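Printed here is upload35.cif (mmCIF, C-alpha atoms and all ligand atoms):
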data_final
loop_
_atom_site.label_atom_id
_atom_site.label_comp_id
_atom_site.auth_asym_id
_atom_site.auth_seq_id
_atom_site.Cartn_x
_atom_site.Cartn_y
_atom_site.Cartn_z
CA MET A 1 22.83 10.33 39.10
CA GLU A 2 25.53 10.70 41.69
CA PHE A 3 24.27 10.92 45.27
CA MET A 4 26.15 12.55 48.15
CA PRO A 5 25.30 12.60 51.87
CA ALA A 6 23.67 15.91 52.85
CA GLY A 7 26.15 16.41 55.72
CA GLU A 8 29.09 16.58 53.31
CA ILE A 9 27.51 19.51 51.49
CA ILE A 10 25.43 21.47 53.98
CA GLY A 11 27.49 20.65 57.10
CA LYS A 12 26.03 21.18 60.53
CA ALA A 13 22.65 22.33 59.21
CA HIS A 14 22.12 18.66 58.47
CA GLN A 15 20.54 16.36 61.05
CA VAL A 16 20.72 12.59 61.01
CA ARG A 17 17.81 10.66 62.50
CA THR A 18 18.68 7.76 64.81
CA VAL A 19 16.26 5.34 66.48
CA THR A 20 16.78 2.46 68.89
CA ILE A 21 15.07 -0.83 68.12
CA LYS A 22 14.32 -3.49 70.72
CA GLN A 23 12.64 -6.86 70.26
CA SER A 24 11.46 -6.26 66.73
CA PRO A 25 10.28 -9.48 65.09
CA GLN A 26 12.18 -8.52 61.91
CA LEU A 27 15.21 -6.41 62.87
CA PRO A 28 18.18 -6.97 65.21
CA ASP A 29 18.22 -4.82 68.38
CA GLY A 30 20.26 -1.64 68.40
CA ASP A 31 20.56 1.83 66.91
CA TYR A 32 19.61 2.61 63.33
CA SER A 33 20.75 5.88 61.76
CA PHE A 34 19.20 7.22 58.58
CA ILE A 35 21.64 9.29 56.51
CA ASP A 36 19.92 11.13 53.69
CA SER A 37 21.84 11.81 50.49
CA TYR A 38 20.86 13.82 47.44
CA CYS A 39 21.67 13.88 43.76
CA ALA A 40 24.72 16.04 43.08
CA ASP A 41 23.57 17.43 39.72
CA PRO A 42 22.58 21.10 40.28
CA ASP A 43 20.41 21.08 37.14
CA CYS A 44 18.47 17.98 38.11
CA ASP A 45 15.18 18.38 39.99
CA CYS A 46 14.49 14.74 40.87
CA ARG A 47 13.07 15.58 44.35
CA LYS A 48 14.07 12.40 46.08
CA THR A 49 16.53 11.20 48.67
CA MET A 50 18.61 8.07 48.93
CA ILE A 51 18.94 7.03 52.56
CA GLN A 52 21.77 4.93 53.93
CA VAL A 53 20.69 2.97 57.00
CA ILE A 54 23.58 2.46 59.44
CA HIS A 55 23.50 -0.23 62.13
CA ASN A 56 26.61 -1.34 64.08
CA GLU A 57 28.71 1.04 61.94
CA LYS A 58 27.76 -0.76 58.75
CA ILE A 59 25.45 0.24 55.92
CA VAL A 60 22.76 -2.42 56.25
CA SER A 61 20.25 -1.06 53.75
CA ILE A 62 19.67 1.71 51.21
CA ILE A 63 16.20 3.19 50.84
CA ASN A 64 14.94 5.46 48.06
CA TYR A 65 12.28 7.93 49.06
CA GLY A 66 10.43 10.38 46.81
CA TRP A 67 8.10 12.80 48.59
CA GLU A 68 6.23 14.05 45.52
CA SER A 69 3.17 12.31 44.02
CA ALA A 70 3.47 9.43 41.55
CA GLU A 71 1.99 11.83 38.98
CA PHE A 72 4.83 14.33 39.53
CA TYR A 73 7.50 11.75 38.73
CA LYS A 74 5.61 10.52 35.70
CA ASN A 75 5.55 14.03 34.25
CA TRP A 76 9.15 14.67 35.26
CA TRP A 77 10.40 11.42 33.72
CA GLY A 78 8.48 11.97 30.49
CA ASP A 79 6.16 9.69 28.57
CA ASP A 80 8.59 7.30 26.90
CA SER A 81 8.02 4.53 29.41
CA ASN A 82 8.19 1.88 26.66
CA ASN A 83 11.86 2.50 25.91
CA ASN A 84 12.86 3.77 29.27
CA PRO A 85 10.86 2.29 32.12
CA MET A 86 10.51 4.63 35.06
CA PRO A 87 12.05 3.41 38.31
CA LYS A 88 9.77 3.56 41.33
CA MET A 89 10.36 7.05 42.66
CA HIS A 90 7.21 7.91 44.61
CA GLY A 91 7.21 6.71 48.21
CA ALA A 92 9.78 4.37 49.77
CA SER A 93 11.52 1.42 48.15
CA ILE A 94 14.73 -0.53 48.66
CA ASP A 95 17.46 0.65 46.26
CA ILE A 96 19.05 -1.87 43.87
CA THR A 97 22.45 -1.08 45.42
CA SER A 98 21.26 -1.94 48.94
CA PRO A 99 23.53 -4.51 50.66
CA ASP A 100 20.38 -6.01 52.31
CA LEU A 101 22.11 -6.98 55.56
CA VAL A 102 18.74 -6.70 57.33
CA ASP A 103 15.27 -7.82 56.35
CA ARG A 104 14.03 -5.65 53.46
CA ASN A 105 10.41 -5.61 54.58
CA GLY A 106 11.44 -4.98 58.17
CA ILE A 107 13.54 -1.92 57.36
CA LEU A 108 10.91 -0.54 54.94
CA ALA A 109 8.23 -1.00 57.61
CA LEU A 110 10.43 0.80 60.15
CA PHE A 111 11.08 3.66 57.73
CA ASN A 112 7.40 4.03 56.88
CA ALA A 113 6.46 3.92 60.57
CA LEU A 114 8.93 6.71 61.34
CA LEU A 115 7.89 8.83 58.37
CA ASN A 116 5.93 11.90 59.42
CA ASP A 117 5.41 15.48 58.24
CA ILE A 118 8.37 16.75 60.27
CA TRP A 119 10.80 14.27 58.72
CA VAL A 120 9.47 14.87 55.19
CA ALA A 121 9.84 18.63 55.75
CA LYS A 122 13.45 17.98 56.77
CA PHE A 123 14.15 16.05 53.57
CA LYS A 124 12.71 18.87 51.47
CA HIS A 125 14.71 21.44 53.41
CA HIS A 126 17.95 19.42 53.09
CA TYR A 127 17.25 18.95 49.38
CA ARG A 128 16.86 22.71 48.81
CA GLU A 129 19.95 23.59 50.88
CA PHE A 130 21.94 20.84 49.16
CA LYS A 131 21.01 21.99 45.64
CA LYS A 132 21.70 25.61 46.58
CA ALA A 133 25.15 24.74 47.95
CA ILE A 134 26.07 22.53 45.02
CA SER A 135 25.09 25.09 42.37
CA LYS A 136 27.56 27.55 43.93
CA GLU A 137 30.52 25.23 43.59
CA PRO A 138 33.17 27.13 41.59
CA SER A 139 34.80 24.00 40.14
CA ARG A 140 31.79 23.17 37.97
CA SER A 141 31.93 24.04 34.30
CA ASN A 142 28.94 25.37 32.30
ZN ZN B 1 18.62 14.23 40.39
#

Once more with this new file: its structure as C-alpha cells, please.
Amino acid sequence: MEFMPAGEIIGKAHQVRTVTIKQSPQLPDGDYSFIDSYCADPDCDCRKTMIQVIHNEKIVSIINYGWESAEFYKNWWGDDSNNNPMPKMHGASIDITSPDLVDRNGILALFNALLNDIWVAKFKHHYREFKKAISKEPSRSN
C-alpha cells in the first residue's frame, strides 16, 4: 500500500491537528502536528490512516490508526492468518517505519488522549474525500 498525505489530494478541505505539549513526563515540550495520510489505491477499502507526527519540523513518529472494529479487519483481511498474519489494524499502533525520535508509549498515549468522536469523524471524512479524488485521476489505467 502506498500512503499519501490527505492535503496533497483533497487540498484545503483537509485540516491538520496541532497540539502544544508542556511538561509531559514522556515527551519534549513544543508543538506536535498530526498529518493523516491514506492509501492511494482507489480499489482498496482498508479504512485506516497512517499519521505522521511532526515536531520541530521533523517526523518524530508514525502512527497507524484503524477506526473500524477488530472484527471488520479480520473479515476484510480474510481467514488465511496462518500464511499471512494480519498486521494490527484496529485502534492505534506505532508503524514499523516510524523513526521513533520520541518515546513510543508517550506519543501513543498522547494520540489516544486526543482521540475523540470529532477527530475520528474527520479521519472518515478525509478518507472518503481522498478515495473519491483519487478514483477520478485520469492517469490511472484500468
Ligand atoms: Zn488500502

Which protein, DNA or RNA residues have an atom within 6 Å of ligand ZN 1 (chain B), counting only C-alpha atoms and all ligand atoms, as a ChimeraX atom specification?
/A:1,39,41,44-46

Let me see the file: selected residues, C-alpha atoms, as a compact mmCIF listing (two decimals), in the frame of the given file.
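Contents of the output file result06.txt:
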# COMPACT_ATOMS: atom_id res chain seq x y z
CA MET A 1 22.83 10.33 39.10
CA CYS A 39 21.67 13.88 43.76
CA ASP A 41 23.57 17.43 39.72
CA CYS A 44 18.47 17.98 38.11
CA ASP A 45 15.18 18.38 39.99
CA CYS A 46 14.49 14.74 40.87

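For the set A:Gln15, A:Glu2, A:Lys22, A:Val102, the residue with the smallest atom-to-atom gap to Pro42 in chain A is A:Glu2, counting only C-alpha atoms.
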
Across A:Met4, A:Ala13, A:Ile107, A:Leu114, the smallest distance to Val53 in chain A, with all atoms listed in the file counted, is shown by A:Ile107

Rounded to one decimal, what separation in Å do you get between CA of Ser33 in chain A and CA of Gln52 in chain A?
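Atom-to-atom, CA of Ser33 in chain A to CA of Gln52 in chain A, that is 8.0 Å.
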
Just checking: using only C-alpha atoms, which residue out of A:Leu110, A:Ile62, A:Leu101, A:Ala133 ends up closest to Ile21 in chain A?
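Nearest candidate to Ile21 in chain A out of A:Leu110, A:Ile62, A:Leu101, A:Ala133: A:Leu110.
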